[in-house]
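Novice: Contents of start.cif (mmCIF, C-alpha atoms and all ligand atoms):
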```cif
data_protein
#
loop_
_atom_site.label_atom_id
_atom_site.label_comp_id
_atom_site.auth_asym_id
_atom_site.auth_seq_id
_atom_site.Cartn_x
_atom_site.Cartn_y
_atom_site.Cartn_z
CA MET L 1 37.91 -174.92 -5.10
CA ASN L 2 35.68 -173.39 -7.76
CA ASN L 3 33.56 -170.31 -7.18
CA ALA L 4 30.45 -172.17 -6.17
CA GLU L 5 32.34 -174.37 -3.71
CA GLN L 6 34.04 -171.32 -2.28
CA HIS L 7 30.69 -169.66 -1.90
CA ASP L 8 29.28 -172.70 -0.10
CA ALA L 9 32.30 -172.69 2.18
CA PHE L 10 31.58 -169.09 3.13
CA LEU L 11 27.98 -169.92 3.76
CA ASP L 12 29.04 -172.80 5.95
CA GLU L 13 31.29 -170.42 7.79
CA LEU L 14 28.24 -168.28 8.48
CA GLY L 15 26.46 -171.35 9.80
CA ILE L 16 23.70 -171.06 7.23
CA GLY L 17 24.69 -173.77 4.81
CA PRO L 18 22.80 -174.27 1.59
CA VAL L 19 19.91 -171.88 2.35
CA TRP L 20 22.11 -168.95 1.39
CA LYS L 21 21.71 -169.25 -2.34
CA LEU L 22 20.98 -166.50 -4.78
CA HIS L 23 17.29 -166.58 -5.58
CA ASP L 24 17.77 -165.02 -8.97
CA SER L 25 19.21 -167.77 -11.08
CA SER L 26 20.45 -165.24 -13.64
CA ALA L 27 22.92 -163.86 -11.11
CA SER L 28 25.76 -165.98 -9.83
CA ILE L 29 28.24 -165.20 -7.14
CA ALA L 30 30.76 -164.66 -9.91
CA THR L 31 28.58 -161.85 -11.22
CA ILE L 32 28.41 -160.41 -7.77
CA SER L 33 32.16 -160.30 -7.34
CA HIS L 34 32.41 -158.38 -10.58
CA VAL L 35 30.38 -155.66 -8.94
CA ALA L 36 33.48 -154.85 -6.93
CA GLU L 37 35.40 -152.09 -8.58
CA ILE L 38 38.21 -150.67 -6.55
CA VAL L 39 38.68 -146.96 -6.95
CA PRO L 40 41.40 -145.81 -4.58
CA VAL L 41 40.74 -142.32 -3.33
CA PRO L 42 43.64 -140.58 -1.60
CA ARG L 43 42.65 -139.63 1.92
CA VAL L 44 44.49 -136.56 3.08
CA VAL L 45 43.33 -135.05 6.33
CA THR L 46 44.55 -131.49 6.49
CA PRO L 47 43.76 -129.05 9.26
CA VAL L 48 40.90 -126.84 8.14
CA PRO L 49 38.39 -124.79 10.06
CA ALA L 50 35.46 -126.93 11.05
CA ILE L 51 31.86 -125.97 11.54
CA ILE L 52 30.33 -127.42 14.63
CA PRO L 53 26.58 -127.98 14.95
CA VAL L 54 25.51 -127.08 18.47
CA GLY L 55 22.36 -127.87 20.37
CA ASP L 56 20.64 -124.61 19.52
CA GLY L 57 20.50 -125.53 15.87
CA LEU L 58 23.20 -123.02 14.94
CA LEU L 59 26.71 -123.56 13.74
CA ARG L 60 29.84 -122.24 15.31
CA THR L 61 33.00 -122.17 13.27
CA LEU L 62 36.01 -123.29 15.22
CA THR L 63 39.59 -122.54 14.36
CA THR L 64 41.96 -125.32 13.40
CA ASP L 65 43.55 -125.10 16.84
CA SER L 66 40.41 -125.65 18.79
CA VAL L 67 39.25 -128.48 16.54
CA LEU L 68 42.48 -130.40 16.17
CA GLY L 69 44.48 -129.24 19.14
CA GLY L 70 42.46 -130.93 21.85
CA THR L 71 40.10 -128.17 22.98
CA SER L 72 36.79 -129.91 22.97
CA THR L 73 34.56 -127.53 24.87
CA LEU L 74 32.83 -124.71 23.07
CA ALA L 75 32.90 -121.25 24.53
CA PRO L 76 29.29 -120.18 25.13
CA ALA L 77 29.68 -117.07 23.04
CA ALA L 78 32.35 -115.42 20.95
CA THR L 79 34.28 -114.25 23.99
CA ASN L 80 37.29 -116.28 22.90
CA MET L 81 37.89 -115.59 19.24
CA ASP L 82 40.09 -118.67 18.97
CA GLN L 83 37.09 -120.80 19.79
CA ALA L 84 33.85 -119.34 18.53
CA ILE L 85 34.43 -117.01 15.63
CA SER L 86 31.11 -117.01 13.89
CA ILE L 87 27.58 -118.27 14.12
CA LEU L 88 26.01 -119.54 10.92
CA PRO L 89 22.38 -120.46 10.25
CA ALA L 90 21.11 -124.00 9.71
CA THR L 91 23.29 -126.89 10.75
CA SER L 92 22.38 -129.19 7.94
CA THR L 93 22.87 -126.54 5.26
CA ALA L 94 26.55 -126.09 6.08
CA VAL L 95 27.14 -129.80 6.61
CA ALA L 96 25.41 -130.49 3.29
CA GLU L 97 28.14 -128.55 1.50
CA MET L 98 31.20 -130.02 3.20
CA ASP L 99 33.90 -132.04 1.52
CA TRP L 100 35.19 -135.25 3.10
CA THR L 101 37.94 -133.55 5.06
CA SER L 102 35.74 -130.88 6.63
CA LEU L 103 33.05 -133.42 7.35
CA GLU L 104 35.45 -135.78 9.09
CA ASN L 105 37.03 -132.98 11.13
CA THR L 106 33.60 -131.63 12.05
CA VAL L 107 32.41 -135.01 13.28
CA ALA L 108 35.63 -135.52 15.26
CA ALA L 109 34.98 -132.28 17.16
CA CYS L 110 31.19 -132.47 17.27
CA ARG L 111 29.34 -131.70 20.50
CA ALA L 112 25.86 -131.37 19.01
CA CYS L 113 24.28 -133.95 21.30
CA GLN L 114 24.91 -135.46 24.70
CA LEU L 115 26.57 -138.56 23.23
CA CYS L 116 29.78 -136.54 22.96
CA GLU L 117 30.12 -136.67 26.76
CA GLY L 118 30.88 -140.36 27.09
CA ARG L 119 32.77 -141.08 23.90
CA ALA L 120 36.37 -142.21 23.62
CA ASN L 121 36.27 -141.71 19.83
CA THR L 122 33.81 -140.62 17.21
CA VAL L 123 33.19 -143.32 14.61
CA PHE L 124 32.97 -141.58 11.27
CA GLY L 125 32.74 -144.51 8.86
CA VAL L 126 35.12 -146.52 6.76
CA GLY L 127 35.50 -147.66 3.19
CA ASP L 128 35.65 -146.71 -0.42
CA GLN L 129 34.40 -143.16 -0.87
CA ARG L 130 32.98 -144.19 -4.25
CA ALA L 131 31.43 -147.44 -3.05
CA LYS L 132 28.42 -148.89 -4.81
CA TRP L 133 27.29 -150.56 -1.59
CA LEU L 134 26.66 -148.51 1.55
CA PHE L 135 25.93 -150.41 4.77
CA VAL L 136 24.40 -148.35 7.56
CA GLY L 137 24.24 -149.55 11.16
CA GLU L 138 22.88 -147.95 14.29
CA GLY L 139 25.79 -146.57 16.25
CA PRO L 140 29.15 -147.51 17.74
CA GLY L 141 29.32 -150.16 20.45
CA TYR L 142 32.04 -150.84 23.01
CA GLN L 143 34.78 -151.89 20.59
CA GLU L 144 33.89 -149.29 17.99
CA ASN L 145 34.06 -146.51 20.58
CA LEU L 146 37.52 -147.70 21.63
CA GLN L 147 38.88 -148.12 18.11
CA GLY L 148 37.06 -145.30 16.30
CA LYS L 149 35.96 -147.68 13.52
CA PRO L 150 32.51 -149.10 12.70
CA PHE L 151 31.58 -152.74 13.10
CA VAL L 152 34.77 -154.09 14.63
CA GLY L 153 33.14 -156.16 17.40
CA PRO L 154 31.31 -159.50 17.07
CA ALA L 155 28.54 -158.04 14.86
CA GLY L 156 31.26 -156.59 12.64
CA HIS L 157 32.87 -160.02 12.30
CA LEU L 158 29.56 -161.36 10.99
CA LEU L 159 29.19 -158.37 8.66
CA ASP L 160 32.65 -159.13 7.25
CA ASN L 161 31.57 -162.72 6.62
CA ILE L 162 28.41 -161.52 4.88
CA LEU L 163 30.52 -159.23 2.67
CA ARG L 164 32.79 -162.16 1.82
CA ALA L 165 29.78 -164.30 0.93
CA LEU L 166 28.86 -161.53 -1.53
CA GLY L 167 32.35 -161.62 -3.04
CA MET L 168 33.29 -158.31 -1.40
CA GLN L 169 35.38 -157.11 1.46
CA ARG L 170 35.50 -154.14 3.75
CA GLY L 171 36.86 -151.10 1.99
CA GLU L 172 36.53 -152.47 -1.53
CA ASN L 173 33.45 -151.06 -3.20
CA THR L 174 31.76 -150.87 0.19
CA TYR L 175 31.37 -148.12 2.74
CA ILE L 176 30.24 -148.80 6.31
CA ALA L 177 28.74 -146.07 8.47
CA ASN L 178 26.28 -145.58 11.30
CA ILE L 179 23.29 -143.37 12.03
CA VAL L 180 25.04 -141.83 15.06
CA LYS L 181 28.79 -141.34 15.29
CA CYS L 182 29.17 -141.60 19.09
CA ARG L 183 28.31 -144.57 21.29
CA PRO L 184 24.94 -144.44 23.07
CA THR L 185 24.96 -146.11 26.50
CA ASP L 186 22.39 -146.52 29.26
CA ALA L 187 22.85 -145.81 32.97
CA GLN L 188 24.61 -149.17 33.40
CA GLY L 189 27.06 -148.40 30.59
CA LYS L 190 25.42 -150.87 28.20
CA ASP L 191 24.74 -150.16 24.53
CA ARG L 192 21.33 -148.67 23.77
CA ALA L 193 19.57 -147.32 20.69
CA PRO L 194 20.04 -143.59 20.09
CA SER L 195 17.13 -141.32 21.01
CA PRO L 196 15.20 -139.49 18.26
CA GLU L 197 16.96 -136.25 19.32
CA GLU L 198 20.39 -137.86 19.02
CA VAL L 199 19.47 -139.26 15.60
CA ALA L 200 18.22 -135.86 14.46
CA ALA L 201 21.43 -134.16 15.63
CA CYS L 202 23.69 -136.64 13.85
CA LEU L 203 21.79 -137.49 10.67
CA PRO L 204 23.06 -134.52 8.61
CA TYR L 205 26.53 -136.11 8.70
CA LEU L 206 25.35 -139.43 7.27
CA LYS L 207 23.23 -137.61 4.70
CA ARG L 208 26.30 -135.75 3.54
CA GLN L 209 28.29 -139.01 3.41
CA ILE L 210 25.57 -140.50 1.21
CA ALA L 211 25.56 -137.46 -1.07
CA LEU L 212 29.35 -137.65 -1.44
CA ILE L 213 29.45 -141.42 -2.00
CA GLN L 214 26.38 -141.65 -4.28
CA PRO L 215 26.12 -145.40 -3.69
CA GLU L 216 24.07 -147.59 -6.00
CA VAL L 217 22.32 -149.23 -3.08
CA ILE L 218 21.96 -148.60 0.65
CA ILE L 219 21.58 -151.50 3.06
CA ALA L 220 19.92 -150.41 6.29
CA LEU L 221 21.07 -152.80 9.00
CA GLY L 222 18.32 -152.99 11.60
CA LYS L 223 15.45 -150.83 12.71
CA THR L 224 17.28 -147.67 13.74
CA ALA L 225 19.00 -147.34 10.38
CA ALA L 226 15.81 -148.12 8.48
CA VAL L 227 13.40 -145.81 10.29
CA SER L 228 15.93 -142.97 10.46
CA LEU L 229 16.74 -143.02 6.75
CA LEU L 230 13.16 -143.62 5.65
CA ASP L 231 11.71 -141.20 8.21
CA LEU L 232 9.25 -143.76 9.55
CA ASP L 233 7.59 -144.41 12.89
CA PRO L 234 10.47 -145.50 15.19
CA GLU L 235 8.45 -148.53 16.30
CA THR L 236 8.13 -150.04 12.80
CA PRO L 237 9.53 -153.58 13.03
CA VAL L 238 12.23 -154.70 10.57
CA GLY L 239 10.00 -157.62 9.63
CA GLN L 240 7.58 -155.16 8.05
CA LEU L 241 10.27 -153.30 6.14
CA ARG L 242 12.48 -156.05 4.80
CA GLY L 243 11.76 -157.87 1.55
CA LYS L 244 10.76 -154.65 -0.24
CA LEU L 245 12.65 -152.11 -2.24
CA HIS L 246 12.54 -148.68 -0.61
CA ARG L 247 14.04 -145.40 -1.75
CA TYR L 248 16.25 -142.97 0.11
CA GLN L 249 15.82 -139.93 -2.12
CA SER L 250 16.37 -141.54 -5.52
CA LEU L 251 18.62 -144.36 -4.27
CA PRO L 252 17.42 -147.93 -3.76
CA LEU L 253 17.39 -148.87 -0.09
CA VAL L 254 16.99 -152.38 1.28
CA VAL L 255 16.27 -153.09 4.93
CA THR L 256 17.62 -156.20 6.60
CA TYR L 257 18.31 -157.49 10.09
CA HIS L 258 21.16 -156.03 12.10
CA PRO L 259 24.10 -158.46 12.38
CA ALA L 260 23.87 -158.30 16.20
CA TYR L 261 20.29 -159.59 15.90
CA LEU L 262 21.47 -162.34 13.53
CA LEU L 263 24.00 -163.41 16.15
CA ARG L 264 21.14 -163.85 18.59
CA LYS L 265 18.80 -165.44 16.02
CA PRO L 266 20.95 -167.30 13.48
CA THR L 267 17.89 -168.86 11.84
CA GLU L 268 17.07 -165.42 10.38
CA LYS L 269 20.32 -165.31 8.39
CA SER L 270 18.63 -166.79 5.33
CA LYS L 271 16.30 -163.77 5.25
CA THR L 272 19.27 -161.44 5.22
CA TRP L 273 20.61 -163.33 2.26
CA GLU L 274 17.27 -162.87 0.45
CA ASP L 275 17.46 -159.15 1.24
CA LEU L 276 20.95 -158.88 -0.18
CA CYS L 277 19.85 -160.68 -3.35
CA LEU L 278 17.09 -158.08 -3.64
CA ALA L 279 19.68 -155.32 -3.22
CA LEU L 280 21.79 -156.85 -5.95
CA ARG L 281 18.86 -157.02 -8.34
CA SER L 282 18.05 -153.37 -7.64
CA MET L 283 21.45 -152.19 -8.86
N1 LIG L 301 26.50 -151.98 15.72
C1 LIG L 301 26.26 -150.93 14.90
O1 LIG L 301 25.12 -150.62 14.59
N2 LIG L 301 27.28 -150.26 14.44
C2 LIG L 301 28.54 -150.55 14.74
O2 LIG L 301 29.44 -149.86 14.26
C3 LIG L 301 28.78 -151.64 15.60
C4 LIG L 301 27.74 -152.35 16.07
FE1 LIG L 302 27.80 -135.07 17.25
FE2 LIG L 302 26.67 -137.23 16.27
FE3 LIG L 302 28.40 -137.47 18.27
FE4 LIG L 302 26.00 -136.41 18.71
S1 LIG L 302 26.43 -138.51 18.08
S2 LIG L 302 27.98 -135.60 19.43
S3 LIG L 302 25.61 -135.32 16.77
S4 LIG L 302 28.86 -136.75 16.19
#
```
Could you show the structure in this file as structure tokens?
Specialist:
Amino acid sequence: MNNAEQHDAFLDELGIGPVWKLHDSSASIATISHVAEIVPVPRVVTPVPAIIPVGDGLLRTLTTDSVLGGTSTLAPAATNMDQAISILPATSTAVAEMDWTSLENTVAACRACQLCEGRANTVFGVGDQRAKWLFVGEGPGYQENLQGKPFVGPAGHLLDNILRALGMQRGENTYIANIVKCRPTDAQGKDRAPSPEEVAACLPYLKRQIALIQPEVIIALGKTAAVSLLDLDPETPVGQLRGKLHRYQSLPLVVTYHPAYLLRKPTEKSKTWEDLCLALRSM
């Protein structure tokens, strides 16, 4: 099978057949696969003190023991020096200076919003820490909460197929993260969108991930990712945002439909392909 046939086979696999063609005739799928550049980054998680954003907008520094040793409740004040040893100003300032290890440990122990109550795992993000492509979803669902990894349920399966259609795969030149790191559920235990307060509490972590990765393009998957990163009215429909090149700080950002929406409305998949072609051209 040559490249083009392989590409068509992937598109067939997505159930979108010949509509999923690159619109820019100067770019072929072969060019796209050359975008992938695998830079292995050793991932060593060592116990370090972590700084925990708390609801009052302050930071409490926890000792290694309390972060990694299973203590997940914060002492209200510094009565227990093993737990709360200092209070620092401005949550996002400290998070904005963290390295990968501190950031990951901080998220794992975070209790900055109510979503910490129901979680089985935080879902930090996965992929190449020097990825050119950053995909941002909304928040963990049922499977993600259980496994601690983003996009591992049915929507994740479609995202993997989309990556393959682009000549990429999870972890190679791609990073996948979410706006919130803990699963939002409603009173019936079903997935729901995070509230503006939950987004505000969690966004500093994603912002730091973006600053560390420095991707060449950000793909916002769905409305929550788009409006949170672009700081727009939460009711702005994806239909109004897709098809244009936006900027997150200086980085190109393209909005497209969330894979879970595409599972419900497969006829919209061709629009997602157009959006990804736009992303490619922006790089
Ligand atoms: N939906 C999302 O937005 N993110 C995930 O990680 C899984 C499903
Ligand atoms: Fe912390 Fe984010 Fe989880 Fe809220 S959703 S507890 S801010 S990691």
Novice: Find the spatial neighbours of L:Cys182, counting all atoms listed in the file, within a cut-off of 7 Å - ignore same-chain residues fewer than 4 positions away - and output them as an mmCIF file with C-alpha atoms, keeping the file's coordinate frame.
Specialist:
```
data_model
loop_
_atom_site.group_PDB
_atom_site.id
_atom_site.type_symbol
_atom_site.label_atom_id
_atom_site.label_comp_id
_atom_site.auth_asym_id
_atom_site.auth_seq_id
_atom_site.Cartn_x
_atom_site.Cartn_y
_atom_site.Cartn_z
ATOM 1 C CA LEU L 115 26.570 -138.560 23.230
ATOM 2 C CA CYS L 116 29.780 -136.540 22.960
ATOM 3 C CA ARG L 119 32.770 -141.080 23.900
ATOM 4 C CA THR L 122 33.810 -140.620 17.210
ATOM 5 C CA VAL L 123 33.190 -143.320 14.610
ATOM 6 C CA GLY L 139 25.790 -146.570 16.250
ATOM 7 C CA PRO L 140 29.150 -147.510 17.740
#
```
Novice: Mind running chain L against ligand LIG 302 (chain L) at 10 Å and telling me each contacting residue's nearest atom pair with the distance in Å (one decimal), counting all atoms listed in the file, chain and number ascending, as CSV?
Specialist:
```
residue,atom,partner,partner_atom,distance
L:Ile52,CA,L:LIG302,FE1,8.5
L:Pro53,CA,L:LIG302,FE1,7.6
L:Val54,CA,L:LIG302,FE1,8.4
L:Gly55,CA,L:LIG302,S3,8.9
L:Glu104,CA,L:LIG302,S4,9.7
L:Thr106,CA,L:LIG302,S4,8.1
L:Val107,CA,L:LIG302,S4,4.9
L:Ala108,CA,L:LIG302,S4,6.9
L:Ala109,CA,L:LIG302,S4,7.6
L:Cys110,CA,L:LIG302,FE1,4.3
L:Arg111,CA,L:LIG302,S2,4.3
L:Ala112,CA,L:LIG302,FE1,4.5
L:Cys113,CA,L:LIG302,FE4,4.0
L:Gln114,CA,L:LIG302,S2,6.1
L:Leu115,CA,L:LIG302,S2,5.0
L:Cys116,CA,L:LIG302,S2,4.1
L:Glu117,CA,L:LIG302,S2,7.7
L:Gly118,CA,L:LIG302,S2,9.5
L:Arg119,CA,L:LIG302,FE3,8.0
L:Asn121,CA,L:LIG302,FE3,9.1
L:Thr122,CA,L:LIG302,FE3,6.3
L:Val123,CA,L:LIG302,S4,8.0
L:Phe124,CA,L:LIG302,S4,8.0
L:Gly139,CA,L:LIG302,S1,8.3
L:Pro140,CA,L:LIG302,S1,9.4
L:Asn178,CA,L:LIG302,FE2,9.7
L:Ile179,CA,L:LIG302,FE2,8.2
L:Val180,CA,L:LIG302,S1,4.7
L:Lys181,CA,L:LIG302,S1,4.6
L:Cys182,CA,L:LIG302,S1,4.3
L:Arg183,CA,L:LIG302,S1,7.1
L:Pro184,CA,L:LIG302,S1,7.9
L:Pro194,CA,L:LIG302,S1,8.4
L:Glu197,CA,L:LIG302,FE4,9.1
L:Glu198,CA,L:LIG302,FE4,5.8
L:Val199,CA,L:LIG302,S3,7.4
L:Ala200,CA,L:LIG302,S3,7.8
L:Ala201,CA,L:LIG302,S3,4.5
L:Cys202,CA,L:LIG302,S3,3.7
L:Leu203,CA,L:LIG302,FE2,7.4
L:Pro204,CA,L:LIG302,S3,8.6
L:Tyr205,CA,L:LIG302,FE2,7.7
L:Leu206,CA,L:LIG302,FE2,9.4
```
Novice: List the spatial neighbours of stretch 215-217 of chain L as a VMD selection string - criterion: any atom at most 9 Å away, all atoms listed in the file, same-chain residues fewer than 4 positions off excluded.
Specialist: chain L and resid 130 to 135 174 to 175 210 to 211 251 to 254 279 to 280 282 to 283
Novice: Please compute the atom C1 of ligand LIG 301 (chain L)-atom CA of L:Arg281 distance, one decimal, in Å.
Specialist: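 Interatomic distance, atom C1 of ligand LIG 301 (chain L) to atom CA of L:Arg281: 25.1 Å.
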Novice: Could you tell me, counting only C-alpha atoms and all ligand atoms, which protein and nucleic acid residues lie no more than 8 Å from ligand LIG 301 (chain L), written as number ranges by chain?
Specialist: L: 123, 136-141, 143-144, 149-153, 155-156, 177-179, 221-222, 258-260
Novice: Using all atoms listed in the file, find the one residue out of L:Gln249, L:Leu262, L:Leu212, L:Asp231 that sits nearest to L:Glu97.
Specialist: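 Ranked by minimum distance to L:Glu97, first place goes to L:Leu212.
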Novice: Quick one: pull the distance between atom CA of L:Leu232 and atom CA of L:Thr256, Å, one decimal.
Specialist: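 Value for the atom CA of L:Leu232-atom CA of L:Thr256 distance: 15.3 Å.
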Novice: When you look at L:Leu158 with a cut-off of 12 Å (counting all atoms listed in the file), what residues show up, excluding the ones that are within fewer than 2 positions of it in the same chain? I need them as number ranges by chain.
Specialist: L: 10-11, 13-16, 151-156, 160-165, 169-170, 257-264, 266, 269, 272
Novice: What is the atom CA of L:Ser228-atom CA of L:Lys244 distance in Å, reported with one decimal?
Specialist: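 Going from atom CA of L:Ser228 over to atom CA of L:Lys244 covers 16.7 Å.
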Novice: Smallest atom-to-atom distance to L:His246: which of L:Lys265, L:Asp275, L:Gly125, L:Ser270, using only C-alpha atoms?
Specialist: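 Nearest to L:His246: L:Asp275.
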Novice: Determine the nearest neighbour of L:Leu146 from the options L:Ala220, L:Met98, L:Ala120, L:Ala187, counting all atoms listed in the file.
Specialist: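 Of all the options, L:Ala120 lies closest to L:Leu146.
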Novice: Need the neighbours of (28.1, -128.7, 4.1): which residues are at most 9 Å away, counting all atoms listed in the file, as a PyMOL selection string?
Specialist: chain L and resi 51+91-99+102-103+204-205+208
Novice: Of the residues L:Ile219, L:Ala193, L:Ile213, L:Val255, which is the one nearest to L:Pro234, using all atoms listed in the file?
Specialist: L:Ala193
